[in-house]
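Note: the block below is entry25.cif and it holds mmCIF, C-alpha atoms and all ligand atoms.
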```cif
data_upload
#
loop_
_atom_site.label_atom_id
_atom_site.label_comp_id
_atom_site.auth_asym_id
_atom_site.auth_seq_id
_atom_site.Cartn_x
_atom_site.Cartn_y
_atom_site.Cartn_z
CA MET Q 599 16.98 -19.24 2.09
CA THR Q 600 13.21 -18.80 2.20
CA GLU Q 601 12.14 -16.29 4.80
CA LYS Q 602 9.79 -17.59 7.46
CA LYS Q 603 6.16 -16.52 7.06
CA ALA Q 604 3.31 -16.25 9.52
CA ARG Q 605 0.77 -19.01 8.88
CA ILE Q 606 -2.61 -17.39 8.33
CA ALA Q 607 -6.14 -18.81 8.59
CA VAL Q 608 -8.99 -16.73 7.15
CA LEU Q 609 -12.49 -17.25 8.56
CA VAL Q 610 -15.34 -16.43 6.17
CA SER Q 611 -19.11 -16.69 5.77
CA GLY Q 612 -20.05 -15.20 2.41
CA GLY Q 613 -18.81 -13.82 -0.88
CA GLY Q 614 -15.23 -13.51 0.23
CA THR Q 615 -14.19 -10.33 -1.57
CA ASN Q 616 -11.93 -9.49 1.38
CA LEU Q 617 -10.42 -12.97 1.17
CA GLN Q 618 -9.82 -12.30 -2.54
CA ALA Q 619 -8.07 -9.02 -1.70
CA LEU Q 620 -5.80 -10.97 0.67
CA ILE Q 621 -5.09 -13.69 -1.90
CA ASP Q 622 -4.27 -11.03 -4.52
CA ALA Q 623 -1.96 -9.21 -2.08
CA GLN Q 624 0.17 -12.28 -1.33
CA GLY Q 625 3.71 -11.73 -2.52
CA SER Q 626 3.19 -7.97 -2.95
CA VAL Q 627 1.62 -6.17 0.03
CA ILE Q 628 1.70 -9.34 2.14
CA ARG Q 629 5.30 -10.52 2.30
CA HIS Q 630 5.55 -11.88 5.84
CA GLY Q 631 2.44 -14.07 5.85
CA GLU Q 632 0.86 -16.87 3.88
CA ILE Q 633 -2.78 -17.99 3.84
CA VAL Q 634 -2.71 -21.71 4.50
CA LEU Q 635 -6.32 -22.36 5.56
CA VAL Q 636 -9.78 -20.94 4.93
CA ILE Q 637 -12.60 -21.92 7.29
CA ALA Q 638 -16.24 -21.17 6.50
CA ASN Q 639 -19.25 -21.48 8.77
CA LYS Q 640 -21.56 -21.71 5.73
CA ALA Q 641 -21.23 -24.58 3.25
CA GLU Q 642 -22.42 -22.40 0.34
CA ALA Q 643 -19.97 -19.52 0.98
CA TYR Q 644 -18.50 -18.42 -2.37
CA ALA Q 645 -15.32 -17.60 -0.45
CA LEU Q 646 -14.64 -21.37 -0.43
CA THR Q 647 -14.49 -21.38 -4.25
CA ARG Q 648 -12.09 -18.43 -4.17
CA ALA Q 649 -9.83 -20.37 -1.78
CA GLU Q 650 -9.99 -23.53 -3.91
CA ASN Q 651 -9.12 -21.52 -7.02
CA ALA Q 652 -6.02 -20.30 -5.19
CA ASN Q 653 -5.13 -23.84 -4.03
CA ILE Q 654 -5.71 -23.01 -0.39
CA GLU Q 655 -6.98 -25.75 1.92
CA THR Q 656 -10.58 -25.25 3.07
CA ALA Q 657 -12.77 -26.50 5.88
CA VAL Q 658 -16.44 -26.00 6.72
CA VAL Q 659 -17.57 -25.91 10.35
CA LEU Q 660 -21.32 -25.66 10.86
CA LYS Q 661 -22.58 -24.67 14.28
CA LYS Q 662 -25.63 -26.90 13.92
CA ASP Q 663 -23.37 -29.96 13.49
CA CYS Q 664 -21.37 -29.06 16.60
CA GLY Q 665 -24.32 -28.82 18.99
CA SER Q 666 -23.14 -25.82 21.02
CA GLN Q 667 -21.20 -22.57 20.72
CA LEU Q 668 -18.39 -24.10 22.78
CA ALA Q 669 -18.13 -27.20 20.58
CA PHE Q 670 -18.25 -24.98 17.45
CA GLU Q 671 -15.33 -22.92 18.75
CA ASP Q 672 -13.42 -26.03 19.85
CA ARG Q 673 -13.74 -27.54 16.37
CA ILE Q 674 -12.25 -24.35 14.87
CA ILE Q 675 -9.49 -24.30 17.51
CA ASP Q 676 -8.62 -27.92 16.64
CA LEU Q 677 -8.25 -27.00 12.96
CA LEU Q 678 -6.12 -23.95 13.78
CA THR Q 679 -3.89 -26.02 16.06
CA ALA Q 680 -3.52 -28.82 13.50
CA HIS Q 681 -2.38 -26.27 10.91
CA ASN Q 682 0.02 -24.40 13.26
CA ILE Q 683 -1.79 -21.14 12.63
CA ASP Q 684 -0.08 -17.93 13.82
CA LEU Q 685 -2.69 -15.37 12.73
CA ILE Q 686 -6.47 -15.61 12.36
CA VAL Q 687 -8.20 -13.15 10.02
CA LEU Q 688 -11.96 -12.66 10.23
CA ALA Q 689 -12.95 -11.53 6.73
CA GLY Q 690 -16.73 -11.26 6.62
CA PHE Q 691 -17.08 -13.95 9.31
CA MET Q 692 -20.65 -13.52 10.54
CA ALA Q 693 -20.43 -15.46 13.80
CA ILE Q 694 -19.56 -14.17 17.25
CA LEU Q 695 -16.58 -15.82 18.91
CA SER Q 696 -16.78 -15.93 22.68
CA GLU Q 697 -14.06 -15.28 25.24
CA HIS Q 698 -13.43 -19.04 25.28
CA PHE Q 699 -12.00 -18.58 21.78
CA THR Q 700 -10.62 -15.04 21.80
CA SER Q 701 -8.68 -15.45 25.07
CA LYS Q 702 -6.60 -18.22 23.45
CA TYR Q 703 -5.27 -15.86 20.75
CA PRO Q 704 -4.43 -12.45 22.24
CA LYS Q 705 -3.37 -10.03 19.46
CA ARG Q 706 -3.51 -12.93 17.01
CA ILE Q 707 -7.05 -12.40 15.66
CA ILE Q 708 -7.92 -9.46 13.42
CA ASN Q 709 -11.25 -8.40 11.93
CA VAL Q 710 -12.36 -6.01 9.22
CA HIS Q 711 -15.43 -3.94 10.08
CA PRO Q 712 -17.24 -1.80 7.48
CA ALA Q 713 -17.44 1.44 9.52
CA LEU Q 714 -15.21 3.80 11.46
CA ILE Q 715 -15.22 2.22 14.94
CA PRO Q 716 -16.56 3.32 17.46
CA SER Q 717 -19.42 4.27 15.11
CA PHE Q 718 -21.91 1.65 13.91
CA CYS Q 719 -20.27 -1.33 15.56
CA GLY Q 720 -20.95 -4.02 18.15
CA LYS Q 721 -23.84 -6.45 18.40
CA GLY Q 722 -26.20 -6.37 15.40
CA TYR Q 723 -23.93 -4.21 13.26
CA TYR Q 724 -22.70 -6.41 10.45
CA GLY Q 725 -22.81 -6.49 6.66
CA LEU Q 726 -25.39 -4.27 5.01
CA TYR Q 727 -26.96 -3.29 8.38
CA VAL Q 728 -23.89 -1.18 9.12
CA HIS Q 729 -24.38 0.89 5.96
CA GLU Q 730 -28.15 1.17 6.54
CA ALA Q 731 -27.40 2.59 9.98
CA ALA Q 732 -24.81 5.03 8.66
CA LEU Q 733 -27.23 6.34 6.02
CA ALA Q 734 -30.11 6.54 8.52
CA TYR Q 735 -27.94 8.60 10.87
CA GLY Q 736 -26.88 10.88 8.04
CA VAL Q 737 -23.12 10.73 8.49
CA LYS Q 738 -21.19 12.32 5.64
CA VAL Q 739 -18.08 10.22 6.18
CA THR Q 740 -17.87 6.51 6.96
CA GLY Q 741 -15.15 3.96 6.21
CA ALA Q 742 -13.61 0.74 7.44
CA THR Q 743 -11.60 -0.41 10.44
CA VAL Q 744 -9.23 -3.32 10.96
CA HIS Q 745 -8.84 -4.16 14.62
CA PHE Q 746 -7.64 -6.89 16.96
CA VAL Q 747 -10.41 -9.11 18.25
CA ASN Q 748 -11.04 -9.56 21.95
CA GLU Q 749 -14.08 -10.60 23.98
CA ILE Q 750 -15.94 -7.34 23.23
CA PRO Q 751 -17.60 -7.38 19.77
CA ASP Q 752 -15.68 -4.86 17.62
CA GLY Q 753 -13.97 -3.68 20.83
CA GLY Q 754 -10.31 -4.62 20.34
CA GLU Q 755 -7.41 -2.28 19.61
CA ILE Q 756 -7.62 -0.49 16.26
CA ILE Q 757 -4.86 -1.31 13.74
CA LEU Q 758 -5.85 0.72 10.66
CA GLN Q 759 -8.79 2.85 9.51
CA LYS Q 760 -9.70 4.52 6.23
CA ALA Q 761 -12.43 7.09 5.63
CA VAL Q 762 -14.86 7.06 2.69
CA SER Q 763 -17.23 9.89 1.72
CA VAL Q 764 -20.98 9.27 1.73
CA ARG Q 765 -22.83 10.55 -1.35
CA ALA Q 766 -26.29 12.13 -1.29
CA ASN Q 767 -27.74 9.42 -3.53
CA ASP Q 768 -26.08 6.44 -1.79
CA THR Q 769 -28.05 3.28 -1.08
CA PRO Q 770 -26.78 0.77 1.50
CA GLU Q 771 -25.58 -1.35 -1.43
CA SER Q 772 -23.71 1.45 -3.22
CA LEU Q 773 -22.13 2.58 0.03
CA GLN Q 774 -21.12 -0.98 0.94
CA LYS Q 775 -19.46 -1.40 -2.46
CA ARG Q 776 -17.52 1.87 -2.19
CA VAL Q 777 -16.40 1.16 1.39
CA MET Q 778 -15.12 -2.23 0.25
CA GLN Q 779 -13.32 -0.88 -2.83
CA GLN Q 780 -11.85 2.26 -1.27
CA ALA Q 781 -11.19 1.04 2.26
CA GLU Q 782 -11.59 -2.63 3.21
CA TRP Q 783 -9.68 -4.21 0.32
CA LYS Q 784 -6.83 -1.75 0.91
CA ILE Q 785 -6.42 -1.72 4.69
CA LEU Q 786 -7.03 -5.41 5.37
CA PRO Q 787 -3.96 -6.64 3.41
CA LYS Q 788 -1.87 -3.81 4.91
CA ALA Q 789 -2.91 -4.76 8.44
CA VAL Q 790 -2.28 -8.45 7.78
CA GLU Q 791 1.24 -7.58 6.63
CA LEU Q 792 1.87 -5.36 9.68
CA VAL Q 793 0.77 -8.06 12.13
CA SER Q 794 2.48 -10.92 10.22
CA LYS Q 795 5.74 -8.98 10.23
CA SER Q 796 5.57 -8.39 13.97
CA ILE Q 797 4.77 -12.09 14.58
CA ILE Q 798 7.81 -13.16 12.54
CA LYS Q 799 10.02 -10.62 14.32
CA GLU Q 800 9.04 -11.86 17.77
CA SER Q 801 9.39 -15.56 16.86
C1 LIG N 1 -17.55 -6.91 4.47
O1 LIG N 1 -18.09 -5.64 4.20
C2 LIG N 1 -17.06 -6.98 5.90
O2 LIG N 1 -16.48 -5.79 6.35
C3 LIG N 1 -18.34 -7.24 6.63
O3 LIG N 1 -19.06 -8.13 5.81
C4 LIG N 1 -18.65 -7.98 4.45
C5 LIG N 1 -18.16 -9.31 3.94
O4 LIG N 1 -17.87 -9.25 2.57
N1 LIG N 1 -18.08 -7.77 7.95
C6 LIG N 1 -18.82 -7.50 9.01
O5 LIG N 1 -19.80 -6.80 8.98
C7 LIG N 1 -18.32 -8.16 10.30
N2 LIG N 1 -18.87 -7.48 11.43
P1 LIG N 1 -16.92 -10.31 1.87
O6 LIG N 1 -17.42 -11.71 2.25
O7 LIG N 1 -17.12 -10.04 0.40
O8 LIG N 1 -15.51 -10.08 2.31
#
```
Encoding of this model in structure tokens:
Amino acid sequence: MTEKKARIAVLVSGGGTNLQALIDAQGSVIRHGEIVLVIANKAEAYALTRAENANIETAVVLKKDCGSQLAFEDRIIDLLTAHNIDLIVLAGFMAILSEHFTSKYPKRIINVHPALIPSFCGKGYYGLYVHEAALAYGVKVTGATVHFVNEIPDGGEIILQKAVSVRANDTPESLQKRVMQQAEWKILPKAVELVSKSIIKES
């Protein structure tokens, strides 16, 4: 008998290296979940190609086609509902989701953030900006955080964190790469498995 798996949707905007880490972890680290849908808010996101290469269904939802934030979120909700999604993973998804969206999925949305929350997080802290801020501050340790998503940007309960050392000669780009390799790509699949397992247990 095939064991039931949590149905996962991954929301992306860019290169999708975190999506790739999730795809690669299916069947090994991720045993209680399966990625069944990838939604991008950018038509040119390379993450879409990664999903297609793995035979995962994709959809593109552009805010400009929806007319408003509410309609944008409703379009995504419709897709999630149509695919019976249990768990939503934000993996480099560079759009804010309002309470209208987050309140529908308590403890069912997780996000990976490229810093140790509560440092360098919240509005304006995304992508390379996070690493620029960490270097400008002069921290010697940074890292990544996977957390549940609620109505406060980067404010939901922390699931996993991993620290990464900053080097004297780091640039934002070199730091971003090391944080991804040493932290994000490791803790995101682990967190997805933890949450998928608990979803299956409670169902
Ligand atoms: C990752 O570093 C991710 O943590 C970050 O954007 C990058 C996306 O890379 N996300 C945020 O800053 C969200 N606040 P990827 O598309 O290669 O996974």
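Among the candidate residues Q:Ala607, Q:Ile798, Q:Ala645, Q:Leu678, the one lying nearest to Q:Lys702 is Q:Leu678, with distances computed using all atoms listed in the file.
Comparing the minimum interatomic distances between ligand LIG 1 (chain N) and each of Q:Asp752, Q:Glu671, Q:Glu655, Q:Asp768, counting only C-alpha atoms and all ligand atoms, we find that Q:Asp752 sits nearest.
Residue nearest Q:Thr743 within the list Q:Arg648, Q:Lys784, Q:Lys603, Q:Arg706: Q:Lys784 [criterion: smallest interatomic distance, all atoms listed in the file].
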Box for stretch 747-752 of chain Q: with edges along x, y and z, all listed atoms inside and 6 Å added on each side, what are the centre and edge lengths in Å to one decimal, as AutoDock Vina command-line options?
```
--center_x -14.0 --center_y -7.7 --center_z 20.8 --size_x 19.2 --size_y 17.7 --size_z 18.4
```
Residues contacting ligand LIG 1 (chain N) - anything with an atom at most 7 Å away, using all atoms listed in the file - can you give me those as a PyMOL selection string?
chain Q and resi 610-617+645+689-692+710-712+723-725+728+774+778+782
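Interatomic distance, atom CA of Q:Ala742 against atom CA of Q:Pro770: 14.4 Å.
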Take atom CA of Q:Ile675 and atom CA of Q:Phe746 and report the distance between them in Å, one decimal.
17.5 Å
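Shortest atom-to-atom contact with Q:Gln759 among Q:Leu635, Q:Ala781, Q:Leu688, Q:Val793: Q:Ala781, counting only C-alpha atoms.
In this structure, atom CA of Q:Gln618 sits 16.3 Å away from atom CA of Q:Ile708.
When all atoms listed in the file are used to measure the gap to Q:Asn748, the shortest distance among Q:Asn682, Q:Asn709, Q:Ser717, Q:Gln667 belongs to Q:Asn709.
If you measure from each of Q:Leu620, Q:Leu733, Q:Ile797, Q:Val627 to Q:Glu771 using all atoms listed in the file, the closest one turns out to be Q:Leu733.
Selecting by distance to (-22.3, -24.4, 10.9) with a limit of 12 Å and using all atoms listed in the file, one obtains Val610, Ser611, Ile637, Ala638, Asn639, Lys640, Ala641, Glu642, Ala643, Ala657, Val658, Val659, Leu660, Lys661, Lys662, Asp663, Cys664, Gly665, Ser666, Gln667, Ala669, Phe670, Glu671, Arg673, Ile674, Phe691, Met692 and Ala693 of chain Q.
All residues of protein, DNA or RNA that reach within 9 Å of Q:His698, judged by all atoms listed in the file and not counting those fewer than 3 positions away in the chain, are Leu668, Glu671, Asp672, Leu695, Ser701, Lys702 and Glu749 of chain Q.
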Need the neighbours of (2.5, -14.0, 11.1): which residues are at most 8 Å away, counting all atoms listed in the file, as an MDAnalysis selection string?
chainID Q and resid 603:606 630:632 684:685 791 793:798
Which polymer residues have any atom within 10 Å of an atom of Q:Ala652, counting only C-alpha atoms, with same-chain residues fewer than 4 positions away left out, as a count of residues only?
7
Near Q:Leu773, within 9 Å and counting all atoms listed in the file, which residues show up once chain neighbours fewer than 6 positions away are dropped, as number ranges by chain?
Q: 729-730, 733, 762-765
